[in-house]
Amino acid sequence: MSDYIDLHGNPQSFGDTEAQREVRQNDRDYVFHSWSAQNLISPMPIAKGEGVRFWDYDGNEYLDFSSQLVNLNLGHQHPGLVKAIQEQAGRLATIQPAIANDVRGELAKRIVEHSFEGARSVFFTNGGADANEYAIRMARHHTGRQKVLARYRSYHGSTATAITMTGDPRRWANGVIDANVVHFFGPYTYRSEFHAETPEQETERALQHLEHTIQLEGPSTIAAIILETVTGTNGVLPPTPGYLAGVRALCDTYGIVMICDEVMVGFGRTGEWFAYQGYDVKPDLVTFAKGVNSGYVPLGGVVISEAIHETFGDRAFPGGLTYSGHPLACAAGIATFDVFEDEKVLENVRDLGERVVAPWAAEMVAKHKSVGEARGKGLFWALDLVVDRETREPLVPYNAAGEAAAPMNAVIAACKQAGLVPFAHFNRMQFAPPLIIGEEDLVRGLAIIDEALTVADGYYVGA
């Protein structure tokens with residue numbers, strides 16, 4: 001019995017050093033990697049994935065607690081998604097977006113039906129960054145305004161306007177590509193910019209700060225406010241009570257389009273089809289990608305309100321993509337809806353998040369002095385690691401690299417050594433396993449993180 005199937009369709013066994021050497025060599029010789037100094041990286045070659053696990057060529061097994069890039073919501077090689085792609089490829093592999101297509105229309109219909117009241121249509125893109133680009137373009141043409149407000153602790157993609165809107169350090173080296181983007185602070189009670197002592201106080205002060213920003217920038221110049229419903233890479237920050245409703249109210253007051261970036265948290269990550277549905281708010285535009293089909297074929301899009309759809313009823317929308325609504329990607333998207341229903345994915349996320357993860361997270365705060373705060377929802381969580389609880393000094397500095405990042409790298413290495421790949425960023429141990437994970441695997445993964453936190457405890461200097 002073979003362990004995996006190689007590039008040529010041949011069955012192979014783990015431990016084939018020649019196969020691994022070839023994969024490594026081709027990668028080093030010909031692949032240019034994102035966000036990396038090419039000479040300083042050594043990507044791990046992976047032979048296969050299945051469910052919530054993947055294996056390297058030596059046969060080492062890893063629990064995927066990052067869902068790759070928080071997109072593999074239904075896990076590796078889900079038979080329902082694989083079958084849908086195979087069957088679609090057999091009957092119509094591709095067709096241009098100007099032609100009506102059955103799977104494209106069916107997926108758009110399902111997305112609209114599962115989105116906000118007043119949603120009208122879907123514009124399909126190739127991924128999350130261009131979904132955000134097009135959402136901003138729609139907002140600008142709809143309002144006749146140009147400015148966009150985006151939060152500092154955010155990530156919206158690496159294309160032109162998207163990277164300018166991004167609030168984390170990946171923006172810095174790219175300069176100011178879109179000069180009409182203005183940043184503001186969102187709520188983060190544990191590290192409050194507003195000296196708040198409670199979540200409610202944080203909400204009030206964050207909304208006041210946002211309204212002041214709107215007033216000082218000129219309400220008549222602002223097309224949109226874009227925000228991740230739950231901040232993803234930059235901290236797993238669920239909105240404080242009433243914050244999203246407050247943003248909605250400000251948008252209504254000043255005629256601004258509210259865009260919820262659900263690229264990372266859409267399609268079940270927090271236990272809802274879309275995360276904003278858990279906060280009783282209705283956006284004007286919603287961007288998505290990743291979980292819509294678990295990244296099996298690149299796909300993203302924008303859910304569009306009736307009012308914005310009608311803006312382009314009698315005048316052309318100035319934009320498009322060759323692969324918009326690609327049939328193979330849409331077939332996997334339709335299958336995603338079927339799997340969610342058949343396997344009760346949302347119910348699984350809510351149950352495990354509330355019954356298993358939330359109590360475990362509280363226990364970690366009590367058990368490990370290096371865990372300053374635990375926060376999250378569903379199967380999307382972060383542990384804020386510190387070296388001093390009183391000062392809340394982070395385990396590693398903001399945007400740490402090289403030797404400064406060594407403590408966090410040691411924690412990550414401990415996880416990998418024990419067979420788990422986490423989703424970590426700066427001083428935060430984050431995790432986002434596939435939504436199909438069972439309780440046994442979830443508990444095993446959490447136990448590995450628990451043990452790795454003893455490494456972080458070793459760097460603690462506070463009382």
# chains A, B, ... in the order shown; residues from 1 in each chain; ligands from 1
call {"tool": "residues_around", "arguments": {"residues": "Asp280 (chain A)", "least_positions_apart": "4", "cutoff": "12 Å", "atoms": "only C-alpha atoms", "output": "ChimeraX atom specification"}}
result
/A:116-117,229,239,241-246,248,272,274-276
call {"tool": "write_last_selection", "arguments": {"atoms": "N, CA and C atoms", "output": "CSV table (one decimal), in the first residue's frame"}}
result
chain,number,residue,atom,x,y,z
A,116,PHE,N,-26.9,39.0,3.9
A,116,PHE,CA,-27.7,39.9,4.6
A,116,PHE,C,-29.0,40.2,3.9
A,117,GLU,N,-30.0,40.7,4.7
A,117,GLU,CA,-31.2,41.1,4.1
A,117,GLU,C,-31.0,42.3,3.2
A,229,THR,N,-14.6,41.9,10.0
A,229,THR,CA,-15.6,41.8,11.0
A,229,THR,C,-15.0,41.3,12.3
A,239,PRO,N,-15.2,42.1,17.6
A,239,PRO,CA,-15.6,43.4,17.9
A,239,PRO,C,-16.2,43.5,19.3
A,241,PRO,N,-18.7,44.9,22.3
A,241,PRO,CA,-20.1,45.0,22.3
A,241,PRO,C,-20.6,46.3,21.7
A,242,GLY,N,-21.4,46.2,20.7
A,242,GLY,CA,-22.0,47.4,20.1
A,242,GLY,C,-21.2,48.1,19.1
A,243,TYR,N,-19.9,47.7,18.9
A,243,TYR,CA,-19.0,48.4,18.0
A,243,TYR,C,-19.5,48.4,16.5
A,244,LEU,N,-19.8,47.2,16.0
A,244,LEU,CA,-20.2,47.2,14.6
A,244,LEU,C,-21.5,47.9,14.3
A,245,ALA,N,-22.4,47.8,15.3
A,245,ALA,CA,-23.7,48.6,15.2
A,245,ALA,C,-23.4,50.1,15.2
A,246,GLY,N,-22.4,50.5,15.9
A,246,GLY,CA,-22.0,51.9,16.0
A,246,GLY,C,-21.4,52.4,14.7
A,248,ARG,N,-22.1,51.0,11.8
A,248,ARG,CA,-23.2,51.1,10.9
A,248,ARG,C,-23.9,52.4,11.0
A,272,GLU,N,-21.0,31.1,12.1
A,272,GLU,CA,-22.1,31.7,11.3
A,272,GLU,C,-21.6,31.6,9.9
A,274,PHE,N,-21.6,34.0,7.8
A,274,PHE,CA,-20.8,35.2,7.8
A,274,PHE,C,-20.7,35.7,9.2
A,275,ALA,N,-19.5,36.2,9.6
A,275,ALA,CA,-19.3,36.6,11.0
A,275,ALA,C,-20.2,37.7,11.4
A,276,TYR,N,-20.5,38.7,10.5
A,276,TYR,CA,-21.3,39.8,10.9
A,276,TYR,C,-22.7,39.4,11.4
call {"tool": "select_by_dssp", "arguments": {"residues": "region 337-443 of chain A", "states": "strand (DSSP E or B)", "output": "tab-separated table (two decimals) with N, CA and C atoms, in the first residue's frame"}}
result
chain	number	residue	atom	x	y	z
A	371	VAL	N	0.46	33.84	29.27
A	371	VAL	CA	-0.77	34.11	28.51
A	371	VAL	C	-1.49	35.30	29.14
A	372	GLY	N	-1.36	36.45	28.52
A	372	GLY	CA	-1.98	37.65	29.06
A	372	GLY	C	-3.48	37.67	28.84
A	373	GLU	N	-3.90	37.24	27.67
A	373	GLU	CA	-5.33	37.21	27.35
A	373	GLU	C	-5.59	36.13	26.31
A	374	ALA	N	-6.76	35.51	26.40
A	374	ALA	CA	-7.24	34.59	25.37
A	374	ALA	C	-8.53	35.15	24.82
A	375	ARG	N	-8.71	35.11	23.50
A	375	ARG	CA	-9.93	35.65	22.90
A	375	ARG	C	-10.22	34.90	21.60
A	376	GLY	N	-11.49	34.88	21.25
A	376	GLY	CA	-11.87	34.24	20.02
A	376	GLY	C	-13.33	33.89	19.98
A	377	LYS	N	-13.70	33.20	18.91
A	377	LYS	CA	-15.07	32.77	18.72
A	377	LYS	C	-15.07	31.62	17.74
A	380	PHE	N	-11.74	30.05	15.95
A	380	PHE	CA	-10.82	31.13	15.59
A	380	PHE	C	-10.40	31.82	16.87
A	381	TRP	N	-9.16	31.56	17.34
A	381	TRP	CA	-8.74	32.01	18.66
A	381	TRP	C	-7.29	32.51	18.64
A	382	ALA	N	-6.98	33.32	19.66
A	382	ALA	CA	-5.61	33.81	19.85
A	382	ALA	C	-5.28	33.88	21.32
A	383	LEU	N	-4.04	33.57	21.62
A	383	LEU	CA	-3.49	33.76	22.96
A	383	LEU	C	-2.46	34.88	22.87
A	384	ASP	N	-2.67	35.94	23.61
A	384	ASP	CA	-1.78	37.11	23.59
A	384	ASP	C	-0.67	36.83	24.60
A	385	LEU	N	0.54	36.54	24.11
A	385	LEU	CA	1.64	36.13	24.98
A	385	LEU	C	2.47	37.33	25.45
A	386	VAL	N	2.80	37.32	26.72
A	386	VAL	CA	3.50	38.45	27.34
A	386	VAL	C	4.67	37.96	28.18
A	387	VAL	N	5.57	38.90	28.51
A	387	VAL	CA	6.66	38.59	29.45
A	387	VAL	C	6.38	39.22	30.81
A	388	ASP	N	5.33	40.03	30.88
A	388	ASP	CA	4.95	40.66	32.14
A	388	ASP	C	3.46	41.00	32.06
A	393	GLU	N	3.75	43.76	28.46
A	393	GLU	CA	4.80	43.76	27.44
A	393	GLU	C	4.74	42.45	26.66
A	394	PRO	N	4.67	42.51	25.35
A	394	PRO	CA	4.52	41.29	24.56
A	394	PRO	C	5.76	40.39	24.60
A	420	LEU	N	2.17	19.64	15.32
A	420	LEU	CA	1.09	20.59	15.08
A	420	LEU	C	1.64	21.85	14.43
A	421	VAL	N	0.97	22.32	13.39
A	421	VAL	CA	1.36	23.58	12.75
A	421	VAL	C	0.33	24.64	13.13
A	423	PHE	N	-1.12	28.79	13.74
A	423	PHE	CA	-1.23	30.03	13.00
A	423	PHE	C	-0.79	31.12	13.95
A	424	ALA	N	0.47	31.52	13.85
A	424	ALA	CA	1.04	32.46	14.80
A	424	ALA	C	1.41	33.77	14.11
A	425	HIS	N	1.37	34.88	14.87
A	425	HIS	CA	1.72	36.18	14.30
A	425	HIS	C	2.20	37.08	15.42
A	428	ARG	N	1.49	36.46	19.21
A	428	ARG	CA	0.25	35.74	19.43
A	428	ARG	C	0.31	34.30	18.92
A	429	MET	N	-0.09	33.39	19.76
A	429	MET	CA	-0.31	32.01	19.34
A	429	MET	C	-1.77	31.92	18.91
A	430	GLN	N	-2.00	31.78	17.63
A	430	GLN	CA	-3.35	31.75	17.10
A	430	GLN	C	-3.63	30.36	16.54
A	431	PHE	N	-4.89	30.00	16.45
A	431	PHE	CA	-5.21	28.73	15.81
A	431	PHE	C	-6.57	28.78	15.15
call {"tool": "residues_around", "arguments": {"residues": "region 347-356 of chain A", "least_positions_apart": "5", "cutoff": "6 Å", "atoms": "only C-alpha atoms", "output": "NGL selection string"}}
result
:A and (271 or 378-379)
call {"tool": "write_last_selection", "arguments": {"atoms": "N, CA and C atoms", "output": "CSV table (one decimal), in the first residue's frame"}}
result
chain,number,residue,atom,x,y,z
A,271,GLY,N,-18.7,30.2,13.4
A,271,GLY,CA,-20.0,29.6,13.7
A,271,GLY,C,-21.2,30.1,13.0
A,378,GLY,N,-16.0,30.6,18.0
A,378,GLY,CA,-16.0,29.5,17.1
A,378,GLY,C,-14.7,28.7,17.1
A,379,LEU,N,-14.1,28.5,15.9
A,379,LEU,CA,-12.8,27.9,15.8
A,379,LEU,C,-11.8,28.9,15.3
call {"tool": "residues_around", "arguments": {"residues": "Asp284 (chain A)", "least_positions_apart": "5", "cutoff": "9 Å", "atoms": "only C-alpha atoms", "output": "PyMOL selection string"}}
result
chain A and resi 116+118-119+257-260+303-308
call {"tool": "write_last_selection", "arguments": {"atoms": "C-alpha atoms", "output": "PDB file, in the first residue's frame"}}
result
ATOM      1  CA  PHE A 116     -27.680  39.931   4.648  1.00  0.00           C
ATOM      2  CA  GLY A 118     -31.179  43.338   1.040  1.00  0.00           C
ATOM      3  CA  ALA A 119     -28.264  41.548  -0.623  1.00  0.00           C
ATOM      4  CA  VAL A 257     -20.599  52.551   2.451  1.00  0.00           C
ATOM      5  CA  MET A 258     -19.884  49.909   5.123  1.00  0.00           C
ATOM      6  CA  ILE A 259     -17.728  47.049   3.849  1.00  0.00           C
ATOM      7  CA  CYS A 260     -17.219  43.916   5.932  1.00  0.00           C
ATOM      8  CA  VAL A 303     -21.812  40.442  -2.036  1.00  0.00           C
ATOM      9  CA  ILE A 304     -23.588  43.594  -3.226  1.00  0.00           C
ATOM     10  CA  SER A 305     -26.593  45.390  -1.735  1.00  0.00           C
ATOM     11  CA  GLU A 306     -29.644  46.300  -3.818  1.00  0.00           C
ATOM     12  CA  ALA A 307     -28.789  50.007  -3.754  1.00  0.00           C
ATOM     13  CA  ILE A 308     -25.230  49.534  -5.003  1.00  0.00           C
TER      14      ILE A 308
END
call {"tool": "closest_atom_pairs", "arguments": {"of": "region 109-164 of chain A", "to": "region 263-266 of chain A", "cutoff": "12 Å", "atoms": "only C-alpha atoms", "output": "JSON lines"}}
result
{"residue": "A:Ile111", "atom": "CA", "partner": "A:Gly266", "partner_atom": "CA", "distance": 10.9}
{"residue": "A:His114", "atom": "CA", "partner": "A:Gly266", "partner_atom": "CA", "distance": 11.1}
{"residue": "A:Ser115", "atom": "CA", "partner": "A:Gly266", "partner_atom": "CA", "distance": 10.2}
{"residue": "A:Thr125", "atom": "CA", "partner": "A:Val263", "partner_atom": "CA", "distance": 11.8}
{"residue": "A:Asn126", "atom": "CA", "partner": "A:Val263", "partner_atom": "CA", "distance": 11.8}
{"residue": "A:Gly127", "atom": "CA", "partner": "A:Val263", "partner_atom": "CA", "distance": 8.4}
{"residue": "A:Gly128", "atom": "CA", "partner": "A:Val263", "partner_atom": "CA", "distance": 5.6}
{"residue": "A:Ala129", "atom": "CA", "partner": "A:Val263", "partner_atom": "CA", "distance": 8.6}
{"residue": "A:Asp130", "atom": "CA", "partner": "A:Val263", "partner_atom": "CA", "distance": 10.7}
{"residue": "A:Ala131", "atom": "CA", "partner": "A:Val263", "partner_atom": "CA", "distance": 8.6}
{"residue": "A:Asn132", "atom": "CA", "partner": "A:Val263", "partner_atom": "CA", "distance": 9.0}
{"residue": "A:Ser154", "atom": "CA", "partner": "A:Met264", "partner_atom": "CA", "distance": 11.4}
{"residue": "A:Tyr155", "atom": "CA", "partner": "A:Met264", "partner_atom": "CA", "distance": 9.8}
{"residue": "A:His156", "atom": "CA", "partner": "A:Val263", "partner_atom": "CA", "distance": 8.4}
{"residue": "A:Gly157", "atom": "CA", "partner": "A:Val263", "partner_atom": "CA", "distance": 9.7}
call {"tool": "write_last_selection", "arguments": {"atoms": "C-alpha atoms", "output": "PDB file, in the first residue's frame"}}
result
ATOM      1  CA  ILE A 111     -24.400  33.161  -1.323  1.00  0.00           C
ATOM      2  CA  HIS A 114     -27.227  33.123   3.056  1.00  0.00           C
ATOM      3  CA  SER A 115     -26.058  36.731   3.323  1.00  0.00           C
ATOM      4  CA  THR A 125     -13.096  37.545  -8.215  1.00  0.00           C
ATOM      5  CA  ASN A 126     -10.048  35.296  -8.008  1.00  0.00           C
ATOM      6  CA  GLY A 127      -9.375  35.850  -4.305  1.00  0.00           C
ATOM      7  CA  GLY A 128      -9.666  38.128  -1.303  1.00  0.00           C
ATOM      8  CA  ALA A 129      -7.343  40.964  -2.309  1.00  0.00           C
ATOM      9  CA  ASP A 130      -9.113  41.650  -5.583  1.00  0.00           C
ATOM     10  CA  ALA A 131     -12.479  41.257  -3.850  1.00  0.00           C
ATOM     11  CA  ASN A 132     -11.480  44.171  -1.606  1.00  0.00           C
ATOM     12  CA  SER A 154      -5.868  44.793   9.638  1.00  0.00           C
ATOM     13  CA  TYR A 155      -4.934  42.882   6.541  1.00  0.00           C
ATOM     14  CA  HIS A 156      -6.879  43.353   3.302  1.00  0.00           C
ATOM     15  CA  GLY A 157      -4.508  41.924   0.678  1.00  0.00           C
TER      16      GLY A 157
END
call {"tool": "atom_distance", "arguments": {"atom1": "CA of Glu133 (chain A)", "atom2": "CA of Val302 (chain A)"}}
result
9.8 Å
call {"tool": "residues_around", "arguments": {"residues": "region 44-56 of chain A", "least_positions_apart": "2", "cutoff": "7 Å", "atoms": "only C-alpha atoms", "output": "number ranges by chain"}}
result
A: 4, 20, 23-24, 42, 58-64, 75-78, 434, 437
call {"tool": "closest_atom_pairs", "arguments": {"of": "region 206-294 of chain A", "to": "region 162-167 of chain A", "cutoff": "10 Å", "atoms": "only C-alpha atoms", "output": "Markdown table"}}
result
| residue | atom | partner | partner_atom | distance |
| --- | --- | --- | --- | --- |
| A:Ile226 | CA | A:Met165 | CA | 8.4 |
| A:Leu227 | CA | A:Met165 | CA | 9.5 |
| A:Asn234 | CA | A:Gly167 | CA | 8.8 |
call {"tool": "residues_around", "arguments": {"residues": "Leu346 (chain A)", "least_positions_apart": "6", "cutoff": "10 Å", "atoms": "only C-alpha atoms", "output": "MDAnalysis selection string"}}
result
chainID A and resid 267:273 340 378 435:436
call {"tool": "closest_residue", "arguments": {"among": "A:Lys290, A:Lys344, A:His141, A:Lys83", "to": "His309 (chain A)", "atoms": "only C-alpha atoms"}}
result
A:His141
call {"tool": "atom_distance", "arguments": {"atom1": "CA of Ala206 (chain A)", "atom2": "CA of Asn427 (chain A)"}}
result
23.3 Å
call {"tool": "closest_residue", "arguments": {"among": "A:His326, A:Thr253, A:Arg91, A:Phe185", "to": "Arg205 (chain A)", "atoms": "only C-alpha atoms"}}
result
A:Phe185
call {"tool": "atom_distance", "arguments": {"atom1": "CA of Gln208 (chain A)", "atom2": "CA of Asn180 (chain A)"}}
result
21.6 Å
call {"tool": "residues_around", "arguments": {"residues": "Lys367 (chain A)", "least_positions_apart": "3", "cutoff": "10 Å", "atoms": "only C-alpha atoms", "output": "PyMOL selection string"}}
result
chain A and resi 361-364+370-371+450+453-454
call {"tool": "write_last_selection", "arguments": {"atoms": "C-alpha atoms", "output": "short mmCIF file (atom, residue, chain, number, x, y, z; two decimals), in the first residue's frame"}}
result
data_model
loop_
_atom_site.label_atom_id
_atom_site.label_comp_id
_atom_site.auth_asym_id
_atom_site.auth_seq_id
_atom_site.Cartn_x
_atom_site.Cartn_y
_atom_site.Cartn_z
CA ALA A 361 -8.64 29.16 26.73
CA ALA A 362 -9.72 30.34 30.19
CA GLU A 363 -7.66 27.54 31.70
CA MET A 364 -4.58 28.64 29.74
CA SER A 370 2.84 34.06 29.75
CA VAL A 371 -0.77 34.11 28.51
CA ASP A 450 -0.66 23.83 26.23
CA LEU A 453 3.27 27.43 26.29
CA THR A 454 5.71 26.22 28.92
#
